[in-house]
file data17.json (JSON, C-alpha atoms)
[["chain", "number", "residue", "atom", "x", "y", "z"],
["A", 1, "MET", "CA", 0.00, 0.00, 0.00],
["A", 2, "PHE", "CA", 1.26, 3.48, -0.74],
["A", 3, "LEU", "CA", 0.15, 7.08, -0.28],
["A", 4, "ASN", "CA", -0.61, 8.93, -3.47],
["A", 5, "LYS", "CA", -0.84, 12.69, -3.74],
["A", 6, "ASN", "CA", -0.87, 12.70, -7.54],
["A", 7, "TYR", "CA", -4.57, 12.92, -8.35],
["A", 8, "ALA", "CA", -6.88, 15.49, -9.88],
["A", 9, "PHE", "CA", -9.91, 17.49, -8.77],
["A", 10, "VAL", "CA", -13.00, 18.94, -10.40],
["A", 11, "GLU", "CA", -15.69, 20.94, -8.67],
["A", 12, "SER", "CA", -19.10, 19.32, -8.35],
["A", 13, "ASP", "CA", -20.87, 22.21, -10.07],
["A", 14, "SER", "CA", -18.57, 22.04, -13.14],
["A", 15, "LYS", "CA", -20.25, 21.77, -16.52],
["A", 16, "TYR", "CA", -19.32, 18.59, -18.35],
["A", 17, "ALA", "CA", -18.46, 20.43, -21.57],
["A", 18, "GLN", "CA", -15.97, 22.61, -19.68],
["A", 19, "VAL", "CA", -14.07, 19.74, -18.04],
["A", 20, "LYS", "CA", -14.50, 16.99, -20.66],
["A", 21, "ASP", "CA", -11.01, 17.27, -22.23],
["A", 22, "TYR", "CA", -9.39, 17.62, -18.81],
["A", 23, "LEU", "CA", -11.16, 14.47, -17.53],
["A", 24, "TYR", "CA", -10.11, 12.43, -20.55],
["A", 25, "SER", "CA", -6.47, 13.48, -20.27],
["A", 26, "VAL", "CA", -6.27, 12.89, -16.52],
["A", 27, "LEU", "CA", -8.05, 9.52, -16.53],
["A", 28, "TYR", "CA", -5.97, 8.20, -19.43],
["A", 29, "GLU", "CA", -2.84, 9.11, -17.46],
["A", 30, "GLY", "CA", -4.08, 6.67, -14.81],
["A", 31, "LYS", "CA", -4.87, 9.33, -12.20],
["A", 32, "THR", "CA", -7.97, 9.44, -10.07],
["A", 33, "VAL", "CA", -10.39, 12.36, -10.41],
["A", 34, "PHE", "CA", -12.00, 13.39, -7.13],
["A", 35, "VAL", "CA", -15.01, 15.67, -7.05],
["A", 36, "ILE", "CA", -15.09, 18.40, -4.43],
["A", 37, "ASN", "CA", -17.60, 21.11, -3.59],
["A", 38, "LYS", "CA", -16.86, 24.83, -3.31],
["A", 39, "GLU", "CA", -15.66, 24.34, 0.29],
["A", 40, "GLY", "CA", -13.14, 21.72, -0.87],
["A", 41, "CYS", "CA", -14.98, 18.77, 0.68],
["A", 42, "TYR", "CA", -15.01, 15.35, -0.98],
["A", 43, "GLU", "CA", -18.23, 14.53, -2.86],
["A", 44, "GLY", "CA", -17.28, 11.47, -4.90],
["A", 45, "CYS", "CA", -15.10, 10.43, -7.79],
["A", 46, "ILE", "CA", -15.11, 10.09, -11.55],
["A", 47, "GLY", "CA", -13.72, 7.01, -13.23],
["A", 48, "MET", "CA", -13.94, 5.71, -16.77],
["A", 49, "THR", "CA", -17.50, 4.43, -16.21],
["A", 50, "GLU", "CA", -18.70, 7.83, -15.01],
["A", 51, "LEU", "CA", -16.84, 9.52, -17.87],
["A", 52, "LYS", "CA", -18.64, 7.39, -20.45],
["A", 53, "GLU", "CA", -22.01, 8.01, -18.75],
["A", 54, "SER", "CA", -21.22, 11.75, -18.65],
["A", 55, "GLU", "CA", -20.57, 11.71, -22.38],
["A", 56, "ILE", "CA", -23.87, 9.93, -23.09],
["A", 57, "GLU", "CA", -25.93, 12.23, -20.85],
["A", 58, "ASN", "CA", -23.86, 15.36, -21.60],
["A", 59, "ARG", "CA", -23.65, 16.21, -17.91],
["A", 60, "LEU", "CA", -21.17, 15.46, -15.14],
["A", 61, "ILE", "CA", -21.87, 12.04, -13.56],
["A", 62, "ILE", "CA", -20.30, 11.54, -10.12],
["A", 63, "ASN", "CA", -19.90, 8.27, -8.24],
["A", 64, "LYS", "CA", -21.16, 9.41, -4.85],
["A", 65, "ASN", "CA", -21.16, 5.86, -3.47],
["A", 66, "SER", "CA", -17.41, 5.42, -3.79],
["A", 67, "LYS", "CA", -15.53, 4.21, -0.75],
["A", 68, "LYS", "CA", -13.72, 6.72, 1.43],
["A", 69, "ILE", "CA", -11.95, 6.60, 4.78],
["A", 70, "VAL", "CA", -11.82, 9.23, 7.50],
["A", 71, "HIS", "CA", -8.21, 9.81, 8.57],
["A", 72, "SER", "CA", -7.30, 7.81, 11.69],
["A", 73, "GLU", "CA", -4.65, 5.51, 13.10],
["A", 74, "LYS", "CA", -6.56, 2.53, 11.68],
["A", 75, "GLU", "CA", -6.96, 3.88, 8.13],
["A", 76, "GLN", "CA", -4.42, 1.43, 6.66],
["A", 77, "GLU", "CA", -6.21, -1.53, 8.27],
["A", 78, "MET", "CA", -9.56, -0.24, 7.00],
["A", 79, "ALA", "CA", -8.15, 0.23, 3.51],
["A", 80, "LYS", "CA", -6.67, -3.27, 3.49],
["A", 81, "TYR", "CA", -10.06, -4.70, 4.47],
["A", 82, "ILE", "CA", -11.82, -2.77, 1.70],
["A", 83, "PHE", "CA", -9.21, -3.82, -0.87],
["A", 84, "GLN", "CA", -9.55, -7.47, 0.16],
["A", 85, "LYS", "CA", -13.34, -7.45, -0.05],
["A", 86, "ASN", "CA", -13.56, -5.74, -3.44],
["A", 87, "GLN", "CA", -10.93, -6.69, -6.02],
["A", 88, "ASN", "CA", -12.02, -3.82, -8.30],
["A", 89, "ILE", "CA", -11.05, -1.11, -5.81],
["A", 90, "THR", "CA", -7.42, -0.03, -6.05],
["A", 91, "ARG", "CA", -7.65, 3.52, -4.68],
["A", 92, "ILE", "CA", -9.40, 4.98, -1.65],
["A", 93, "PRO", "CA", -9.49, 8.68, -0.71],
["A", 94, "VAL", "CA", -8.63, 9.62, 2.85],
["A", 95, "ILE", "CA", -10.49, 12.66, 4.17],
["A", 96, "ASP", "CA", -10.35, 14.62, 7.40],
["A", 97, "GLU", "CA", -13.28, 14.96, 9.84],
["A", 98, "LYS", "CA", -14.61, 17.94, 7.85],
["A", 99, "GLY", "CA", -14.57, 16.03, 4.56],
["A", 100, "LYS", "CA", -11.49, 17.64, 3.00],
["A", 101, "MET", "CA", -9.25, 15.41, 0.87],
["A", 102, "LEU", "CA", -5.89, 14.59, 2.41],
["A", 103, "TYR", "CA", -4.50, 11.91, 0.08],
["A", 104, "GLU", "CA", -5.41, 8.56, -1.42],
["A", 105, "LEU", "CA", -4.30, 5.09, -0.42],
["A", 106, "CYS", "CA", -3.44, 2.82, -3.35],
["A", 107, "TYR", "CA", -2.66, -0.82, -3.90],
["A", 108, "GLU", "CA", -0.72, -2.10, -6.84],
["A", 109, "CYS", "CA", -1.75, -5.36, -8.49],
["A", 110, "LYS", "CA", 1.14, -7.26, -6.93],
["A", 111, "ASP", "CA", 0.19, -5.96, -3.50],
["A", 112, "LYS", "CA", -3.43, -7.01, -3.99],
["A", 113, "SER", "CA", -2.37, -10.48, -5.10],
["A", 114, "ASP", "CA", -0.16, -10.78, -2.00],
["A", 115, "MET", "CA", -3.17, -9.87, 0.15],
["A", 116, "VAL", "CA", -5.35, -12.50, -1.56],
["A", 117, "VAL", "CA", -2.69, -15.18, -1.16],
["A", 118, "GLU", "CA", -2.14, -14.22, 2.49],
["A", 119, "GLU", "CA", -5.89, -14.39, 3.19],
["A", 120, "LEU", "CA", -6.19, -17.80, 1.49],
["A", 121, "ARG", "CA", -3.22, -19.15, 3.46],
["A", 122, "ASN", "CA", -4.87, -17.90, 6.65],
["A", 123, "ARG", "CA", -7.96, -19.88, 5.64],
["A", 124, "GLY", "CA", -5.94, -23.10, 5.47],
["A", 125, "MET", "CA", -4.84, -23.35, 1.84],
["A", 126, "THR", "CA", -1.32, -24.45, 1.00],
["A", 127, "ILE", "CA", 0.10, -21.97, -1.51],
["A", 128, "GLY", "CA", 3.67, -22.02, -2.80],
["A", 129, "GLU", "CA", 5.99, -19.13, -3.59],
["A", 130, "ASN", "CA", 5.67, -16.75, -6.57],
["A", 131, "VAL", "CA", 1.91, -17.27, -6.86],
["A", 132, "PHE", "CA", -0.29, -14.39, -8.00],
["A", 133, "ILE", "CA", -4.06, -14.68, -7.60],
["A", 134, "LEU", "CA", -6.36, -11.90, -8.76],
["A", 135, "ASN", "CA", -10.07, -11.65, -9.55],
["A", 136, "CYS", "CA", -11.06, -15.10, -8.41],
["A", 137, "ASN", "CA", -13.74, -16.69, -6.29],
["A", 138, "MET", "CA", -12.59, -19.61, -4.17],
["A", 139, "ASP", "CA", -14.55, -21.62, -1.68],
["A", 140, "TYR", "CA", -12.09, -21.41, 1.17],
["A", 141, "THR", "CA", -14.37, -23.25, 3.60],
["A", 142, "TRP", "CA", -12.51, -26.35, 2.41],
["A", 143, "GLY", "CA", -9.17, -24.55, 2.16],
["A", 144, "TRP", "CA", -7.21, -27.28, 3.87],
["A", 145, "LEU", "CA", -8.04, -29.54, 0.88],
["A", 146, "ILE", "CA", -6.56, -27.11, -1.67],
["A", 147, "SER", "CA", -2.88, -27.00, -2.52],
["A", 148, "ILE", "CA", -1.22, -24.73, -5.09],
["A", 149, "GLY", "CA", 2.45, -25.23, -5.94],
["A", 150, "ASN", "CA", 5.18, -22.71, -6.67],
["A", 151, "ASN", "CA", 5.14, -20.34, -9.64]]
call {"tool": "encode", "arguments": {"input": "data17.json", "output": "C-alpha coordinates"}}
result
Amino acid sequence: MFLNKNYAFVESDSKYAQVKDYLYSVLYEGKTVFVINKEGCYEGCIGMTELKESEIENRLIINKNSKKIVHSEKEQEMAKYIFQKNQNITRIPVIDEKGKMLYELCYECKDKSDMVVEELRNRGMTIGENVFILNCNMDYTWGWLISIGNN
(Lines of atoms letter the chains of each structure in order from A and count residues from 1; the text may use other names and numbers.)
(Lines give C-alpha, C1' and ligand atoms only; values in the text may rest on other atoms or scores of the structure.)
Protein backbone atom coordinates (compact mmCIF):
# COMPACT_ATOMS: atom_id res chain seq x y z
CA MET A 1 0.00 0.00 0.00
CA PHE A 2 1.26 3.48 -0.74
CA LEU A 3 0.15 7.08 -0.28
CA ASN A 4 -0.61 8.93 -3.47
CA LYS A 5 -0.84 12.69 -3.74
CA ASN A 6 -0.87 12.70 -7.54
CA TYR A 7 -4.57 12.92 -8.35
CA ALA A 8 -6.88 15.49 -9.88
CA PHE A 9 -9.91 17.49 -8.77
CA VAL A 10 -13.00 18.94 -10.40
CA GLU A 11 -15.69 20.94 -8.67
CA SER A 12 -19.10 19.32 -8.35
CA ASP A 13 -20.87 22.21 -10.07
CA SER A 14 -18.57 22.04 -13.14
CA LYS A 15 -20.25 21.77 -16.52
CA TYR A 16 -19.32 18.59 -18.35
CA ALA A 17 -18.46 20.43 -21.57
CA GLN A 18 -15.97 22.61 -19.68
CA VAL A 19 -14.07 19.74 -18.04
CA LYS A 20 -14.50 16.99 -20.66
CA ASP A 21 -11.01 17.27 -22.23
CA TYR A 22 -9.39 17.62 -18.81
CA LEU A 23 -11.16 14.47 -17.53
CA TYR A 24 -10.11 12.43 -20.55
CA SER A 25 -6.47 13.48 -20.27
CA VAL A 26 -6.27 12.89 -16.52
CA LEU A 27 -8.05 9.52 -16.53
CA TYR A 28 -5.97 8.20 -19.43
CA GLU A 29 -2.84 9.11 -17.46
CA GLY A 30 -4.08 6.67 -14.81
CA LYS A 31 -4.87 9.33 -12.20
CA THR A 32 -7.97 9.44 -10.07
CA VAL A 33 -10.39 12.36 -10.41
CA PHE A 34 -12.00 13.39 -7.13
CA VAL A 35 -15.01 15.67 -7.05
CA ILE A 36 -15.09 18.40 -4.43
CA ASN A 37 -17.60 21.11 -3.59
CA LYS A 38 -16.86 24.83 -3.31
CA GLU A 39 -15.66 24.34 0.29
CA GLY A 40 -13.14 21.72 -0.87
CA CYS A 41 -14.98 18.77 0.68
CA TYR A 42 -15.01 15.35 -0.98
CA GLU A 43 -18.23 14.53 -2.86
CA GLY A 44 -17.28 11.47 -4.90
CA CYS A 45 -15.10 10.43 -7.79
CA ILE A 46 -15.11 10.09 -11.55
CA GLY A 47 -13.72 7.01 -13.23
CA MET A 48 -13.94 5.71 -16.77
CA THR A 49 -17.50 4.43 -16.21
CA GLU A 50 -18.70 7.83 -15.01
CA LEU A 51 -16.84 9.52 -17.87
CA LYS A 52 -18.64 7.39 -20.45
CA GLU A 53 -22.01 8.01 -18.75
CA SER A 54 -21.22 11.75 -18.65
CA GLU A 55 -20.57 11.71 -22.38
CA ILE A 56 -23.87 9.93 -23.09
CA GLU A 57 -25.93 12.23 -20.85
CA ASN A 58 -23.86 15.36 -21.60
CA ARG A 59 -23.65 16.21 -17.91
CA LEU A 60 -21.17 15.46 -15.14
CA ILE A 61 -21.87 12.04 -13.56
CA ILE A 62 -20.30 11.54 -10.12
CA ASN A 63 -19.90 8.27 -8.24
CA LYS A 64 -21.16 9.41 -4.85
CA ASN A 65 -21.16 5.86 -3.47
CA SER A 66 -17.41 5.42 -3.79
CA LYS A 67 -15.53 4.21 -0.75
CA LYS A 68 -13.72 6.72 1.43
CA ILE A 69 -11.95 6.60 4.78
CA VAL A 70 -11.82 9.23 7.50
CA HIS A 71 -8.21 9.81 8.57
CA SER A 72 -7.30 7.81 11.69
CA GLU A 73 -4.65 5.51 13.10
CA LYS A 74 -6.56 2.53 11.68
CA GLU A 75 -6.96 3.88 8.13
CA GLN A 76 -4.42 1.43 6.66
CA GLU A 77 -6.21 -1.53 8.27
CA MET A 78 -9.56 -0.24 7.00
CA ALA A 79 -8.15 0.23 3.51
CA LYS A 80 -6.67 -3.27 3.49
CA TYR A 81 -10.06 -4.70 4.47
CA ILE A 82 -11.82 -2.77 1.70
CA PHE A 83 -9.21 -3.82 -0.87
CA GLN A 84 -9.55 -7.47 0.16
CA LYS A 85 -13.34 -7.45 -0.05
CA ASN A 86 -13.56 -5.74 -3.44
CA GLN A 87 -10.93 -6.69 -6.02
CA ASN A 88 -12.02 -3.82 -8.30
CA ILE A 89 -11.05 -1.11 -5.81
CA THR A 90 -7.42 -0.03 -6.05
CA ARG A 91 -7.65 3.52 -4.68
CA ILE A 92 -9.40 4.98 -1.65
CA PRO A 93 -9.49 8.68 -0.71
CA VAL A 94 -8.63 9.62 2.85
CA ILE A 95 -10.49 12.66 4.17
CA ASP A 96 -10.35 14.62 7.40
CA GLU A 97 -13.28 14.96 9.84
CA LYS A 98 -14.61 17.94 7.85
CA GLY A 99 -14.57 16.03 4.56
CA LYS A 100 -11.49 17.64 3.00
CA MET A 101 -9.25 15.41 0.87
CA LEU A 102 -5.89 14.59 2.41
CA TYR A 103 -4.50 11.91 0.08
CA GLU A 104 -5.41 8.56 -1.42
CA LEU A 105 -4.30 5.09 -0.42
CA CYS A 106 -3.44 2.82 -3.35
CA TYR A 107 -2.66 -0.82 -3.90
CA GLU A 108 -0.72 -2.10 -6.84
CA CYS A 109 -1.75 -5.36 -8.49
CA LYS A 110 1.14 -7.26 -6.93
CA ASP A 111 0.19 -5.96 -3.50
CA LYS A 112 -3.43 -7.01 -3.99
CA SER A 113 -2.37 -10.48 -5.10
CA ASP A 114 -0.16 -10.78 -2.00
CA MET A 115 -3.17 -9.87 0.15
CA VAL A 116 -5.35 -12.50 -1.56
CA VAL A 117 -2.69 -15.18 -1.16
CA GLU A 118 -2.14 -14.22 2.49
CA GLU A 119 -5.89 -14.39 3.19
CA LEU A 120 -6.19 -17.80 1.49
CA ARG A 121 -3.22 -19.15 3.46
CA ASN A 122 -4.87 -17.90 6.65
CA ARG A 123 -7.96 -19.88 5.64
CA GLY A 124 -5.94 -23.10 5.47
CA MET A 125 -4.84 -23.35 1.84
CA THR A 126 -1.32 -24.45 1.00
CA ILE A 127 0.10 -21.97 -1.51
CA GLY A 128 3.67 -22.02 -2.80
CA GLU A 129 5.99 -19.13 -3.59
CA ASN A 130 5.67 -16.75 -6.57
CA VAL A 131 1.91 -17.27 -6.86
CA PHE A 132 -0.29 -14.39 -8.00
CA ILE A 133 -4.06 -14.68 -7.60
CA LEU A 134 -6.36 -11.90 -8.76
CA ASN A 135 -10.07 -11.65 -9.55
CA CYS A 136 -11.06 -15.10 -8.41
CA ASN A 137 -13.74 -16.69 -6.29
CA MET A 138 -12.59 -19.61 -4.17
CA ASP A 139 -14.55 -21.62 -1.68
CA TYR A 140 -12.09 -21.41 1.17
CA THR A 141 -14.37 -23.25 3.60
CA TRP A 142 -12.51 -26.35 2.41
CA GLY A 143 -9.17 -24.55 2.16
CA TRP A 144 -7.21 -27.28 3.87
CA LEU A 145 -8.04 -29.54 0.88
CA ILE A 146 -6.56 -27.11 -1.67
CA SER A 147 -2.88 -27.00 -2.52
CA ILE A 148 -1.22 -24.73 -5.09
CA GLY A 149 2.45 -25.23 -5.94
CA ASN A 150 5.18 -22.71 -6.67
CA ASN A 151 5.14 -20.34 -9.64
call {"tool": "residues_around", "arguments": {"input": "data17.json", "residues": "region 43-46 of chain A", "least_positions_apart": "5", "cutoff": "6 Å", "atoms": "only C-alpha atoms", "output": "MDAnalysis selection string"}}
result
chainID A and resid 33:36 62:64
call {"tool": "residues_around", "arguments": {"input": "data17.json", "residues": "region 78-82 of chain A", "least_positions_apart": "5", "cutoff": "8 Å", "atoms": "only C-alpha atoms", "output": "ChimeraX atom specification"}}
result
/A:69,89,92,105
call {"tool": "atom_distance", "arguments": {"input": "data17.json", "atom1": "CA of Met48 (chain A)", "atom2": "CA of Lys100 (chain A)"}}
result
23.2 Å
call {"tool": "axis_aligned_box", "arguments": {"input": "data17.json", "around": "region 142-148 of chain A", "padding_each_side": "3 Å", "output": "lines of an AutoDock Vina configuration file"}}
result
center_x = -6.9
center_y = -27.0
center_z = -0.6
size_x = 17.3
size_y = 11.0
size_z = 15.0
call {"tool": "residues_around", "arguments": {"input": "data17.json", "residues": "Tyr42 (chain A)", "least_positions_apart": "4", "cutoff": "10 Å", "atoms": "only C-alpha atoms", "output": "list in words"}}
result
Phe9, Glu11, Ser12, Phe34, Val35, Ile36, Asn37, Lys38, Lys64, Lys68, Pro93, Val94, Ile95, Asp96, Lys98, Gly99, Lys100, Met101 and Leu102 of chain A
call {"tool": "residues_near_point", "arguments": {"input": "data17.json", "point": "(0.2, 6.0, -1.0)", "cutoff": "10 Å", "atoms": "all atoms listed in the file", "output": "PyMOL selection string"}}
result
chain A and resi 1-6+91-92+103-107
call {"tool": "atom_distance", "arguments": {"input": "data17.json", "atom1": "CA of Lys20 (chain A)", "atom2": "CA of Asn58 (chain A)"}}
result
9.5 Å
call {"tool": "atom_distance", "arguments": {"input": "data17.json", "atom1": "CA of Lys15 (chain A)", "atom2": "CA of Thr32 (chain A)"}}
result
18.6 Å
call {"tool": "closest_residue", "arguments": {"input": "data17.json", "among": "A:Val70, A:Thr90, A:Asn65, A:Val19", "to": "Leu51 (chain A)", "atoms": "all atoms listed in the file"}}
result
A:Val19
call {"tool": "closest_residue", "arguments": {"input": "data17.json", "among": "A:Ser72, A:Lys67, A:Glu39, A:Ser14", "to": "Ser54 (chain A)", "atoms": "only C-alpha atoms"}}
result
A:Ser14
call {"tool": "closest_residue", "arguments": {"input": "data17.json", "among": "A:Asn130, A:Glu119, A:Glu55, A:Ile148", "to": "Asp21 (chain A)", "atoms": "all atoms listed in the file"}}
result
A:Glu55
call {"tool": "residues_around", "arguments": {"input": "data17.json", "residues": "Ile146 (chain A)", "least_positions_apart": "2", "cutoff": "8 Å", "atoms": "only C-alpha atoms", "output": "number ranges by chain"}}
result
A: 125-126, 142-144, 148
call {"tool": "closest_residue", "arguments": {"input": "data17.json", "among": "A:Glu77, A:His71, A:Gly124, A:Leu23", "to": "Thr49 (chain A)", "atoms": "all atoms listed in the file"}}
result
A:Leu23
call {"tool": "closest_residue", "arguments": {"input": "data17.json", "among": "A:Asn151, A:Val10, A:Gln76, A:Asp114", "to": "Cys41 (chain A)", "atoms": "only C-alpha atoms"}}
result
A:Val10
